[in-house]
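J.: Pasting target30.txt below, which is compact mmCIF, C-alpha atoms (C1' of nucleotides).
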```txt
# COMPACT_ATOMS: atom_id res chain seq x y z
CA MET A 1 24.88 -14.10 -16.00
CA SER A 2 25.45 -17.20 -17.99
CA ARG A 3 21.74 -17.15 -18.51
CA THR A 4 20.59 -13.83 -19.89
CA ARG A 5 17.79 -12.31 -17.94
CA THR A 6 14.82 -11.96 -20.20
CA THR A 7 12.57 -9.90 -17.97
CA SER A 8 13.87 -6.47 -17.23
CA THR A 9 12.89 -5.40 -13.78
CA ASP A 10 12.05 -2.03 -15.28
CA VAL A 11 9.14 -3.54 -17.14
CA ILE A 12 7.67 -4.68 -13.87
CA LEU A 13 8.36 -1.40 -12.11
CA ASP A 14 6.76 0.54 -14.94
CA ALA A 15 3.63 -1.52 -14.74
CA ALA A 16 3.51 -1.23 -10.98
CA ALA A 17 4.12 2.51 -11.13
CA ASP A 18 1.14 2.94 -13.41
CA LEU A 19 -1.09 1.08 -11.04
CA PHE A 20 0.15 2.66 -7.85
CA ALA A 21 -0.28 6.05 -9.47
CA THR A 22 -3.97 5.57 -9.95
CA ARG A 23 -4.96 3.49 -6.96
CA PRO A 24 -3.93 3.43 -3.32
CA PHE A 25 -1.46 0.80 -2.24
CA HIS A 26 -3.91 -1.61 -0.70
CA GLU A 27 -6.08 -1.65 -3.79
CA VAL A 28 -3.29 -2.67 -6.11
CA LYS A 29 -3.08 -6.42 -6.36
CA LEU A 30 0.10 -8.22 -7.21
CA ASP A 31 -1.89 -10.14 -9.76
CA ASP A 32 -2.70 -6.84 -11.44
CA ILE A 33 0.92 -5.84 -11.57
CA ALA A 34 1.92 -9.23 -12.93
CA ALA A 35 -0.81 -9.12 -15.55
CA LYS A 36 0.07 -5.62 -16.65
CA ALA A 37 3.74 -6.48 -16.89
CA ARG A 38 2.83 -9.69 -18.72
CA VAL A 39 4.75 -11.72 -16.26
CA GLY A 40 3.92 -14.48 -13.84
CA LYS A 41 3.27 -13.43 -10.29
CA GLY A 42 6.12 -15.55 -9.10
CA THR A 43 8.53 -13.62 -11.27
CA ILE A 44 7.94 -10.53 -9.21
CA TYR A 45 9.08 -12.41 -6.16
CA LEU A 46 12.30 -13.29 -7.90
CA TYR A 47 13.32 -9.66 -7.71
CA TRP A 48 11.62 -8.25 -4.64
CA LYS A 49 10.50 -9.99 -1.56
CA SER A 50 7.20 -8.24 -0.97
CA LYS A 51 4.69 -5.91 -2.51
CA GLU A 52 6.03 -3.16 -0.34
CA GLU A 53 9.52 -3.68 -1.72
CA VAL A 54 8.20 -3.22 -5.21
CA TYR A 55 6.62 -0.01 -4.14
CA LEU A 56 9.77 1.31 -2.56
CA ALA A 57 11.79 0.33 -5.58
CA ILE A 58 9.67 2.60 -7.73
CA ILE A 59 10.17 5.62 -5.55
CA ARG A 60 13.84 4.94 -5.10
CA ARG A 61 14.27 4.71 -8.83
CA GLY A 62 12.52 8.05 -9.21
CA PHE A 63 14.60 9.88 -6.67
CA SER A 64 17.83 8.47 -8.02
CA ALA A 65 16.90 9.72 -11.45
CA VAL A 66 16.36 13.29 -10.27
CA LEU A 67 19.52 13.14 -8.28
CA THR A 68 21.55 12.07 -11.28
CA SER A 69 19.97 14.68 -13.44
CA ILE A 70 20.70 17.40 -10.91
CA ASP A 71 24.27 16.31 -10.58
CA GLU A 72 24.73 16.49 -14.31
CA ASP A 73 23.21 19.94 -14.43
CA LEU A 74 25.32 21.20 -11.58
CA ALA A 75 28.45 19.94 -13.27
CA VAL A 76 27.69 22.09 -16.28
CA HIS A 77 26.55 25.30 -14.60
CA ASP A 78 29.55 26.19 -12.57
CA GLY A 79 28.60 29.82 -12.54
CA SER A 80 26.72 31.75 -9.91
CA CYS A 81 24.60 30.11 -7.29
CA SER A 82 21.43 31.54 -8.72
CA GLU A 83 22.26 29.81 -11.97
CA LYS A 84 22.72 26.61 -10.06
CA LEU A 85 19.44 27.14 -8.31
CA GLU A 86 17.81 27.64 -11.64
CA ALA A 87 19.30 24.39 -12.85
CA ILE A 88 17.98 22.54 -9.84
CA VAL A 89 14.49 23.88 -10.23
CA GLY A 90 14.67 23.00 -13.90
CA ALA A 91 15.68 19.44 -13.14
CA LEU A 92 12.94 19.01 -10.56
CA VAL A 93 10.27 20.34 -12.86
CA ASP A 94 11.48 18.33 -15.83
CA PHE A 95 11.45 15.23 -13.78
CA ALA A 96 7.99 15.92 -12.44
CA PHE A 97 6.64 16.32 -15.94
CA ALA A 98 8.44 13.28 -17.22
CA TYR A 99 7.39 10.98 -14.42
CA PRO A 100 4.24 12.37 -12.85
CA GLU A 101 3.41 8.91 -11.54
CA VAL A 102 6.15 9.15 -9.00
CA TYR A 103 4.53 12.18 -7.47
CA ARG A 104 1.13 10.63 -7.62
CA ILE A 105 2.45 7.50 -6.05
CA MET A 106 4.03 9.36 -3.24
CA ARG A 107 0.73 10.95 -2.52
CA SER A 108 -1.07 7.73 -2.62
CA GLY A 109 0.50 5.93 0.21
CA THR A 110 3.88 5.76 1.75
CA LEU A 111 4.55 2.67 3.73
CA THR A 112 7.00 1.67 6.33
CA PRO A 113 7.63 5.25 7.24
CA GLU A 114 11.34 4.88 6.95
CA ASP A 115 13.11 2.90 4.32
CA PRO A 116 16.78 3.59 4.92
CA ASP A 117 17.78 3.43 1.27
CA LEU A 118 15.04 5.75 0.22
CA GLN A 119 15.75 8.10 3.04
CA ALA A 120 19.37 8.16 2.00
CA VAL A 121 18.64 9.15 -1.57
CA ARG A 122 16.18 11.78 -0.48
CA SER A 123 18.57 13.35 1.95
CA GLU A 124 21.30 13.28 -0.64
CA LEU A 125 19.01 15.34 -2.82
CA VAL A 126 18.29 17.76 -0.02
CA LYS A 127 21.97 18.01 0.68
CA ARG A 128 22.69 19.12 -2.89
CA ILE A 129 20.11 21.84 -2.67
CA VAL A 130 21.17 23.03 0.74
CA SER A 131 24.78 23.28 -0.29
CA VAL A 132 23.92 25.52 -3.21
CA LEU A 133 21.80 27.70 -0.96
CA LYS A 134 24.53 27.95 1.62
CA ALA A 135 27.16 28.78 -0.96
CA GLY A 136 24.92 31.55 -2.19
CA GLN A 137 24.53 32.77 1.34
CA ALA A 138 28.26 32.76 1.87
CA ASP A 139 29.10 34.77 -1.21
CA GLY A 140 26.33 37.25 -0.56
CA GLU A 141 24.04 36.26 -3.37
CA PHE A 142 21.30 34.88 -1.17
CA ASP A 143 19.72 35.90 2.08
CA ASP A 144 18.03 32.87 3.52
CA PRO A 145 17.77 32.39 7.26
CA CYS A 146 17.18 28.67 6.93
CA PRO A 147 18.33 26.86 3.81
CA ALA A 148 17.24 23.51 5.17
CA LEU A 149 13.64 24.69 5.16
CA THR A 150 13.94 26.26 1.77
CA ALA A 151 15.19 23.01 0.34
CA GLN A 152 12.11 21.26 1.66
CA TYR A 153 9.91 23.90 0.13
CA MET A 154 11.51 23.40 -3.23
CA LEU A 155 10.61 19.75 -3.26
CA SER A 156 7.13 20.52 -2.06
CA PHE A 157 6.55 23.24 -4.63
CA VAL A 158 6.77 20.86 -7.46
CA ARG A 159 4.64 18.35 -5.70
CA GLY A 160 1.90 20.81 -4.92
CA ALA A 161 1.89 22.26 -8.38
CA LEU A 162 1.76 18.87 -10.04
CA LEU A 163 -0.87 17.24 -7.92
CA TYR A 164 -3.28 20.11 -8.08
CA SER A 165 -2.14 21.89 -11.15
CA PRO A 166 -4.17 24.70 -12.62
CA PRO A 167 -5.29 23.72 -16.10
CA GLY A 168 -2.91 24.68 -18.87
CA LEU A 169 0.17 24.58 -16.73
CA THR A 170 3.25 24.17 -18.87
CA ARG A 171 6.72 23.16 -17.94
CA PRO A 172 8.48 26.50 -18.59
CA MET A 173 5.64 28.33 -16.91
CA LEU A 174 6.08 26.34 -13.76
CA LYS A 175 9.85 26.70 -13.80
CA ARG A 176 9.62 30.41 -14.22
CA HIS A 177 7.02 30.81 -11.57
CA ILE A 178 8.84 28.78 -8.97
CA LEU A 179 11.98 30.77 -9.60
CA HIS A 180 10.02 33.99 -9.44
CA VAL A 181 8.63 33.21 -6.02
CA LEU A 182 11.77 31.62 -4.77
CA THR A 183 14.17 34.35 -5.75
CA ARG A 184 12.16 37.51 -5.36
CA GLY A 185 8.95 36.66 -3.58
CA ILE A 186 5.61 38.00 -4.57
CA THR A 187 5.96 41.50 -3.23
CA ARG A 188 5.84 44.14 -5.87
CA ARG A 189 9.23 45.72 -6.32
CA GLY A 190 9.42 49.43 -5.55
CA GLY A 191 8.74 52.03 -8.22
CA ARG A 192 11.62 51.75 -10.65
CA MET B 193 -19.28 10.09 31.11
CA SER B 194 -22.00 7.84 31.80
CA ARG B 195 -22.52 4.93 29.57
CA THR B 196 -25.65 6.49 28.31
CA ARG B 197 -23.71 9.11 26.56
CA THR B 198 -23.89 8.56 22.88
CA THR B 199 -20.32 8.37 21.81
CA SER B 200 -18.99 11.51 20.29
CA THR B 201 -17.71 10.81 16.84
CA ASP B 202 -14.71 12.96 17.64
CA VAL B 203 -13.46 10.44 20.14
CA ILE B 204 -13.40 7.84 17.44
CA LEU B 205 -11.85 10.13 14.89
CA ASP B 206 -9.13 11.15 17.32
CA ALA B 207 -8.23 7.56 18.00
CA ALA B 208 -8.24 6.72 14.33
CA ALA B 209 -6.17 9.78 13.49
CA ASP B 210 -3.51 8.69 15.93
CA LEU B 211 -3.30 5.29 14.34
CA PHE B 212 -3.42 6.43 10.74
CA ALA B 213 -0.69 8.94 11.53
CA THR B 214 1.77 6.27 12.50
CA ARG B 215 0.87 3.43 10.20
CA PRO B 216 -0.24 3.15 6.61
CA PHE B 217 -3.92 2.64 5.95
CA HIS B 218 -3.83 -1.06 5.33
CA GLU B 219 -1.99 -1.73 8.56
CA VAL B 220 -4.54 -0.02 10.74
CA LYS B 221 -7.19 -2.44 11.89
CA LEU B 222 -10.69 -1.42 12.77
CA ASP B 223 -10.34 -3.42 15.94
CA ASP B 224 -7.42 -1.22 16.90
CA ILE B 225 -9.42 1.92 16.33
CA ALA B 226 -12.32 0.58 18.35
CA ALA B 227 -10.06 -0.48 21.18
CA LYS B 228 -8.21 2.83 21.26
CA ALA B 229 -11.46 4.76 21.25
CA ARG B 230 -12.84 2.42 23.93
CA VAL B 231 -15.78 1.71 21.76
CA GLY B 232 -17.29 -1.38 20.26
CA LYS B 233 -16.40 -2.09 16.69
CA GLY B 234 -20.05 -1.99 15.78
CA THR B 235 -20.33 1.56 17.08
CA ILE B 236 -17.96 2.75 14.40
CA TYR B 237 -20.32 1.38 11.79
CA LEU B 238 -23.08 3.43 13.35
CA TYR B 239 -21.41 6.56 12.04
CA TRP B 240 -19.46 5.56 8.95
CA LYS B 241 -20.04 2.77 6.56
CA SER B 242 -16.49 1.69 5.96
CA LYS B 243 -12.96 2.07 7.17
CA GLU B 244 -12.28 4.33 4.25
CA GLU B 245 -15.08 6.66 5.30
CA VAL B 246 -13.53 6.99 8.70
CA TYR B 247 -10.28 7.93 7.08
CA LEU B 248 -11.86 10.55 4.89
CA ALA B 249 -13.76 11.98 7.82
CA ILE B 250 -10.48 12.68 9.58
CA ILE B 251 -9.02 14.61 6.71
CA ARG B 252 -12.23 16.47 6.04
CA ARG B 253 -12.39 17.50 9.65
CA GLY B 254 -8.83 18.77 9.45
CA PHE B 255 -9.39 20.86 6.37
CA SER B 256 -12.62 22.31 7.69
CA ALA B 257 -10.83 23.35 10.86
CA VAL B 258 -8.14 25.29 8.96
CA LEU B 259 -10.75 26.82 6.78
CA THR B 260 -12.73 28.08 9.74
CA SER B 261 -9.64 29.38 11.43
CA ILE B 262 -8.59 31.24 8.30
CA ASP B 263 -11.99 32.75 7.89
CA GLU B 264 -11.91 34.01 11.43
CA ASP B 265 -8.48 35.51 10.93
CA LEU B 266 -9.43 37.17 7.70
CA ALA B 267 -12.47 38.71 9.33
CA VAL B 268 -10.23 40.42 11.87
CA HIS B 269 -7.41 41.62 9.65
CA ASP B 270 -9.19 43.79 7.20
CA GLY B 271 -6.08 45.76 6.47
CA SER B 272 -3.61 45.30 3.67
CA CYS B 273 -3.35 42.13 1.69
CA SER B 274 0.07 41.36 3.05
CA GLU B 275 -1.43 41.40 6.51
CA LYS B 276 -4.05 39.00 5.32
CA LEU B 277 -1.41 36.82 3.79
CA GLU B 278 0.41 36.81 7.06
CA ALA B 279 -2.75 35.77 8.82
CA ILE B 280 -3.23 32.89 6.42
CA VAL B 281 0.28 31.62 6.84
CA GLY B 282 -0.14 31.94 10.57
CA ALA B 283 -3.31 29.90 10.53
CA LEU B 284 -1.76 27.20 8.38
CA VAL B 285 1.29 26.90 10.57
CA ASP B 286 -0.70 26.92 13.77
CA PHE B 287 -2.92 24.23 12.47
CA ALA B 288 0.00 22.14 11.37
CA PHE B 289 1.57 22.32 14.79
CA ALA B 290 -1.70 21.64 16.53
CA TYR B 291 -2.66 18.64 14.41
CA PRO B 292 0.47 17.18 12.91
CA GLU B 293 -1.32 13.87 12.49
CA VAL B 294 -3.39 15.27 9.71
CA TYR B 295 -0.29 15.98 7.69
CA ARG B 296 1.22 12.67 8.50
CA ILE B 297 -1.97 10.96 7.56
CA MET B 298 -2.14 12.68 4.27
CA ARG B 299 1.32 11.50 3.52
CA SER B 300 0.61 8.01 4.57
CA GLY B 301 -2.07 7.06 2.16
CA THR B 302 -4.76 8.88 0.37
CA LEU B 303 -7.55 6.73 -0.80
CA THR B 304 -10.25 7.00 -3.33
CA PRO B 305 -8.37 9.70 -5.16
CA GLU B 306 -11.38 11.94 -5.27
CA ASP B 307 -13.80 12.34 -2.49
CA PRO B 308 -16.09 15.16 -3.60
CA ASP B 309 -16.67 16.55 -0.14
CA LEU B 310 -13.00 16.64 0.62
CA GLN B 311 -12.20 18.15 -2.71
CA ALA B 312 -14.78 20.82 -2.06
CA VAL B 313 -13.29 21.86 1.25
CA ARG B 314 -9.82 21.90 -0.18
CA SER B 315 -10.76 24.04 -3.09
CA GLU B 316 -12.63 26.39 -0.80
CA LEU B 317 -9.39 26.85 1.06
CA VAL B 318 -7.48 27.48 -2.12
CA LYS B 319 -10.12 29.96 -3.19
CA ARG B 320 -9.63 32.01 -0.04
CA ILE B 321 -5.92 32.20 -0.60
CA VAL B 322 -6.19 33.01 -4.26
CA SER B 323 -8.62 35.81 -3.65
CA VAL B 324 -6.25 37.49 -1.22
CA LEU B 325 -3.41 37.13 -3.70
CA LYS B 326 -5.48 38.57 -6.50
CA ALA B 327 -6.66 41.46 -4.40
CA GLY B 328 -3.05 42.23 -3.62
CA GLN B 329 -2.24 42.05 -7.28
CA ALA B 330 -5.05 44.43 -8.13
CA ASP B 331 -4.07 47.08 -5.65
CA GLY B 332 -0.42 46.87 -6.59
CA GLU B 333 0.84 45.25 -3.43
CA PHE B 334 1.79 41.97 -5.00
CA ASP B 335 3.37 40.92 -8.24
CA ASP B 336 2.47 37.32 -8.83
CA PRO B 337 2.07 35.96 -12.33
CA CYS B 338 0.03 32.99 -11.16
CA PRO B 339 -1.79 33.16 -7.84
CA ALA B 340 -3.30 29.74 -8.32
CA LEU B 341 0.16 28.22 -8.23
CA THR B 342 1.24 30.29 -5.30
CA ALA B 343 -1.76 29.12 -3.35
CA GLN B 344 -0.69 25.53 -3.93
CA TYR B 345 2.80 26.36 -2.78
CA MET B 346 1.47 27.82 0.41
CA LEU B 347 -0.23 24.61 1.32
CA SER B 348 2.88 22.72 0.36
CA PHE B 349 5.20 24.90 2.40
CA VAL B 350 3.79 23.72 5.62
CA ARG B 351 3.61 20.16 4.51
CA GLY B 352 7.21 19.99 3.46
CA ALA B 353 8.45 21.70 6.55
CA LEU B 354 6.45 19.52 8.86
CA LEU B 355 7.11 16.16 7.37
CA TYR B 356 10.83 16.60 7.17
CA SER B 357 11.40 19.31 9.68
CA PRO B 358 14.91 20.31 10.64
CA PRO B 359 15.36 19.66 14.35
CA GLY B 360 14.46 22.54 16.61
CA LEU B 361 11.94 24.06 14.29
CA THR B 362 9.56 26.29 16.19
CA ARG B 363 6.25 27.68 15.20
CA PRO B 364 7.23 31.37 14.93
CA MET B 365 10.42 30.43 13.17
CA LEU B 366 8.50 28.59 10.51
CA LYS B 367 5.95 31.36 10.12
CA ARG B 368 8.63 33.96 9.74
CA HIS B 369 10.61 31.89 7.28
CA ILE B 370 7.67 31.10 5.07
CA LEU B 371 6.71 34.75 4.96
CA HIS B 372 10.29 35.69 4.24
CA VAL B 373 10.50 33.45 1.23
CA LEU B 374 7.00 34.12 0.09
CA THR B 375 7.13 37.88 0.22
CA ARG B 376 10.67 38.69 -0.69
CA GLY B 377 12.32 35.55 -1.95
CA ILE B 378 15.80 34.52 -1.00
CA THR B 379 17.75 36.96 -3.12
CA ARG B 380 19.84 39.35 -1.12
CA ARG B 381 18.42 42.83 -1.32
CA GLY B 382 20.64 45.41 -3.00
CA GLY B 383 23.33 47.31 -1.08
CA ARG B 384 21.49 49.99 0.80
C1' DT C 385 -38.34 -2.90 31.75
C1' DC C 386 -36.26 -0.73 27.90
C1' DG C 387 -32.72 1.04 25.09
C1' DC C 388 -28.10 1.78 24.28
C1' DC C 389 -23.74 0.14 23.52
C1' DA C 390 -19.21 -2.50 24.78
C1' DA C 391 -17.68 -6.72 24.11
C1' DT C 392 -17.06 -10.56 21.47
C1' DA C 393 -17.99 -14.31 18.47
C1' DC C 394 -18.46 -15.33 13.78
C1' DT C 395 -17.90 -15.63 8.69
C1' DG C 396 -16.55 -15.19 4.18
C1' DA C 397 -13.97 -12.74 0.80
C1' DC C 398 -9.75 -11.60 -0.40
C1' DC C 399 -4.95 -11.74 -1.66
C1' DA C 400 0.13 -11.98 -0.48
C1' DG C 401 3.21 -15.21 -0.84
C1' DT C 402 4.69 -20.17 -2.12
C1' DC C 403 6.37 -23.92 -4.75
C1' DA C 404 6.07 -27.81 -7.88
C1' DG C 405 6.17 -27.86 -12.34
C1' DT C 406 7.37 -25.91 -17.18
C1' DT C 407 9.99 -23.39 -20.42
C1' DT C 408 14.05 -21.35 -22.18
C1' DC C 409 18.69 -21.09 -23.31
C1' DG C 410 23.75 -21.55 -23.11
C1' DC C 411 27.02 -24.90 -23.72
C1' DC C 412 29.20 -29.21 -24.51
C1' DT C 413 30.02 -33.37 -27.28
C1' DC C 414 30.01 -35.92 -31.21
C1' DG D 415 24.71 -28.52 -36.64
C1' DA D 416 22.16 -31.69 -34.09
C1' DG D 417 21.04 -33.33 -29.97
C1' DG D 418 21.09 -33.57 -25.20
C1' DC D 419 21.91 -31.82 -20.50
C1' DG D 420 21.63 -28.89 -16.66
C1' DA D 421 20.68 -24.71 -14.71
C1' DA D 422 18.35 -20.68 -14.34
C1' DA D 423 14.12 -18.05 -15.45
C1' DC D 424 9.59 -18.15 -15.22
C1' DT D 425 4.66 -19.57 -14.25
C1' DG D 426 0.11 -19.69 -11.97
C1' DA D 427 -2.91 -22.66 -9.20
C1' DC D 428 -3.16 -23.17 -4.51
C1' DT D 429 -3.15 -22.09 0.53
C1' DG D 430 -3.52 -20.11 4.86
C1' DG D 431 -3.86 -16.14 7.44
C1' DT D 432 -6.07 -11.89 7.96
C1' DC D 433 -9.66 -8.67 8.78
C1' DA D 434 -13.77 -5.87 7.27
C1' DG D 435 -18.09 -6.13 8.26
C1' DT D 436 -22.21 -8.44 10.79
C1' DA D 437 -24.72 -10.70 14.33
C1' DT D 438 -25.25 -11.76 19.13
C1' DT D 439 -25.02 -11.22 23.88
C1' DG D 440 -25.05 -9.31 28.27
C1' DG D 441 -24.52 -5.45 31.41
C1' DC D 442 -25.55 -0.95 32.88
C1' DG D 443 -28.11 3.23 33.52
C1' DA D 444 -32.51 5.46 33.55
```
Can you dump the structure from the file as structure tokens?

T.:
Amino acid sequence: MSRTRTTSTDVILDAAADLFATRPFHEVKLDDIAAKARVGKGTIYLYWKSKEEVYLAIIRRGFSAVLTSIDEDLAVHDGSCSEKLEAIVGALVDFAFAYPEVYRIMRSGTLTPEDPDLQAVRSELVKRIVSVLKAGQADGEFDDPCPALTAQYMLSFVRGALLYSPPGLTRPMLKRHILHVLTRGITRRGGR
Amino acid sequence: MSRTRTTSTDVILDAAADLFATRPFHEVKLDDIAAKARVGKGTIYLYWKSKEEVYLAIIRRGFSAVLTSIDEDLAVHDGSCSEKLEAIVGALVDFAFAYPEVYRIMRSGTLTPEDPDLQAVRSELVKRIVSVLKAGQADGEFDDPCPALTAQYMLSFVRGALLYSPPGLTRPMLKRHILHVLTRGITRRGGR
DNA sequence: TCGCCAATACTGACCAGTCAGTTTCGCCTC
DNA sequence: GAGGCGAAACTGACTGGTCAGTATTGGCGA
């Protein structure tokens, strides 16, 4: 690094994320990304070797961020599993509100079905969730016949809520509601 | 299947659905679709005016099918709301297993963010679900602070499970699990 | 013979990716 | 601290392949 890098790759990814969030993949031109990032088109190719790579980089960055945030939260809450679950839901929702583009992007066109790196981060995330669910199962807090499915639901919840959110949806509202459904379901609890 | 037969648009949509399910939009060529459907490329333009229209037609067809199936189910089960809910989940899961391409397609690249027709069908579907949830709320069966959100979750459930399904997932297993989580949550029920 | 449509040839716009050239900057020497 | 060098960062006009969409043909069934 004798020569300090002047362009941060994040600048480019931010610009690209904006564009991919509003238009499908094939409608986003590299020239657009370059223009928005105020960078020459060639510069993009210094860091990634194709448009698709840029795209994947955005999603990977997003997932890694949630993962980190969840890990931090889990480190703090070392209490009951339901507390941990709450922390996870909180992290997912916070992330979704902070970076809605990532969700929009993922709607708008995945490519190359399987990018190993991306897949790895995603499954790491699922693993975290599943392990909390299983721990809860083991110590009798939870009763979930299939934690692997539940983990998938949790990711999908946020997605569904964000992409087609009822007007006026706030962050705490969503957190609370997801936890409500997830922990006790929608059945009305008996009399008492 | 004489040559005279005017091509059924379903043949073309089926072929296209197969392709779109395995490859992202921009990698699917109209020539491929035509070849797979054993149809001339020009014929496709008889029915839709662009590749994108073909794509939208597939999704619209999918949504309409679920909608019809749900309406039929609801007509039969005129019992309690939880029975109706069960019917809805059943219809969603059945559909997902019958036409997994539609889910894969929707992952692999939505276009033109808002197609009014498509949006209309989707929101019709959501409306059905919400009305069952609200009815359940009214007659004291359910306790759901935000049915609109729950309806979104229900669509997402299936999606999440299907796209990243744990190996060995069967249809009844998924139905049962979704209902489990949805109606009673994952918390272990008290001693008794 | 007519009408329908598969097959196929054609074309023009579009855009990802390249690369020769330009700028920037750290560092060395005097 | 000025000046000069080399290397790395960056640029954007250009190119070549691709493919959506159109036009044409020819074969088959009625």

J.: Counting all atoms listed in the file, what is within 9 Å of Leu310 (chain B), bar same-chain residues fewer than 2 positions away, as a PyMOL selection string?

T.: chain B and resi 248-249+251-252+255+306-308+312-315

J.: By how many Å are CA of Ser348 (chain B) and CA of Tyr153 (chain A) apart?

T.: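 So the answer is 7.1 Å.
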
J.: For C1' of DG401 (chain C) and CA of Lys49 (chain A), determine how far apart the two atoms are, in Å to one decimal place.

T.: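 Between C1' of DG401 (chain C) and CA of Lys49 (chain A) the gap is 9.0 Å.
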
J.: Give as a PyMOL selection string every residue of chain C that touches chain B within 7 Å, counting all atoms listed in the file.

T.: chain C and resi 388+390-391

J.: Each residue of chain D with at least one atom at most 8 Å from chain A should appear once, together with its nearest atom pair and the corresponding distance in Å (one decimal); atoms considered: only C-alpha atoms (C1' of nucleotides); ordering: chain, then increasing residue number; output as CSV.

T.:
```
residue,atom,partner,partner_atom,distance
D:DA422,C1',A:Arg3,CA,6.4
D:DA423,C1',A:Arg5,CA,7.3
D:DC424,C1',A:Thr43,CA,6.1
D:DT425,C1',A:Gly40,CA,5.2
D:DG426,C1',A:Gly40,CA,6.7
```

J.: Give me, as a compact mmCIF listing (two decimals) with C-alpha atoms, in the coordinates of the input, the residues of chain A touching chain B, with the criterion being at most 7 Å (counting all atoms listed in the file).

T.:
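For reference, iface02.txt as written:
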```txt
# COMPACT_ATOMS: atom_id res chain seq x y z
CA PRO A 24 -3.93 3.43 -3.32
CA HIS A 26 -3.91 -1.61 -0.70
CA ARG A 107 0.73 10.95 -2.52
CA SER A 108 -1.07 7.73 -2.62
CA GLY A 109 0.50 5.93 0.21
CA THR A 110 3.88 5.76 1.75
CA LEU A 111 4.55 2.67 3.73
CA GLY A 140 26.33 37.25 -0.56
CA GLU A 141 24.04 36.26 -3.37
CA PHE A 142 21.30 34.88 -1.17
CA ASP A 143 19.72 35.90 2.08
CA ASP A 144 18.03 32.87 3.52
CA ALA A 148 17.24 23.51 5.17
CA LEU A 149 13.64 24.69 5.16
CA GLN A 152 12.11 21.26 1.66
CA TYR A 153 9.91 23.90 0.13
CA SER A 156 7.13 20.52 -2.06
CA PHE A 157 6.55 23.24 -4.63
CA GLY A 160 1.90 20.81 -4.92
CA ALA A 161 1.89 22.26 -8.38
CA PRO A 166 -4.17 24.70 -12.62
CA VAL A 181 8.63 33.21 -6.02
CA LEU A 182 11.77 31.62 -4.77
CA THR A 183 14.17 34.35 -5.75
CA ARG A 184 12.16 37.51 -5.36
CA GLY A 185 8.95 36.66 -3.58
CA ILE A 186 5.61 38.00 -4.57
CA THR A 187 5.96 41.50 -3.23
CA ARG A 188 5.84 44.14 -5.87
```

J.: Excluding Lys276 (chain B) and residues on its chain fewer than 6 positions from it, collect all residues at most 10 Å away from it, counting only C-alpha atoms (C1' of nucleotides), and give them as a ChimeraX atom specification.

T.: /B:262,265-270,282,321,324-325,328

J.: Using Å and a single decimal, report how far CA of Lys175 (chain A) sits from CA of Val89 (chain A).

T.: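 Pair CA of Val89 (chain A) / CA of Lys175 (chain A) returns 6.5 Å.
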
J.: Which of these residues is nearest to DC398 (chain C), using all atoms listed in the file: D:DG420, D:DG440, D:DG415, D:DG430?

T.: D:DG430

J.: Find the residues near Ile33 (chain A): any atom within 9 Å, counting all atoms listed in the file, skip ones fewer than 2 places away on the same chain, and give them as a list in words.

T.: Ile12, Leu13, Ala15, Ala16, Ala17, Asp18, Leu19, Val28, Lys29, Leu30, Asp31, Ala35, Lys36, Ala37, Arg38, Val39, Lys41 and Ile44 of chain A

J.: Store the residues of this selection in a file with C-alpha atoms, as a CSV table (one decimal), keeping the file's coordinate frame.

T.:
```csv
chain,number,residue,atom,x,y,z
A,12,ILE,CA,7.7,-4.7,-13.9
A,13,LEU,CA,8.4,-1.4,-12.1
A,15,ALA,CA,3.6,-1.5,-14.7
A,16,ALA,CA,3.5,-1.2,-11.0
A,17,ALA,CA,4.1,2.5,-11.1
A,18,ASP,CA,1.1,2.9,-13.4
A,19,LEU,CA,-1.1,1.1,-11.0
A,28,VAL,CA,-3.3,-2.7,-6.1
A,29,LYS,CA,-3.1,-6.4,-6.4
A,30,LEU,CA,0.1,-8.2,-7.2
A,31,ASP,CA,-1.9,-10.1,-9.8
A,35,ALA,CA,-0.8,-9.1,-15.6
A,36,LYS,CA,0.1,-5.6,-16.6
A,37,ALA,CA,3.7,-6.5,-16.9
A,38,ARG,CA,2.8,-9.7,-18.7
A,39,VAL,CA,4.8,-11.7,-16.3
A,41,LYS,CA,3.3,-13.4,-10.3
A,44,ILE,CA,7.9,-10.5,-9.2
```
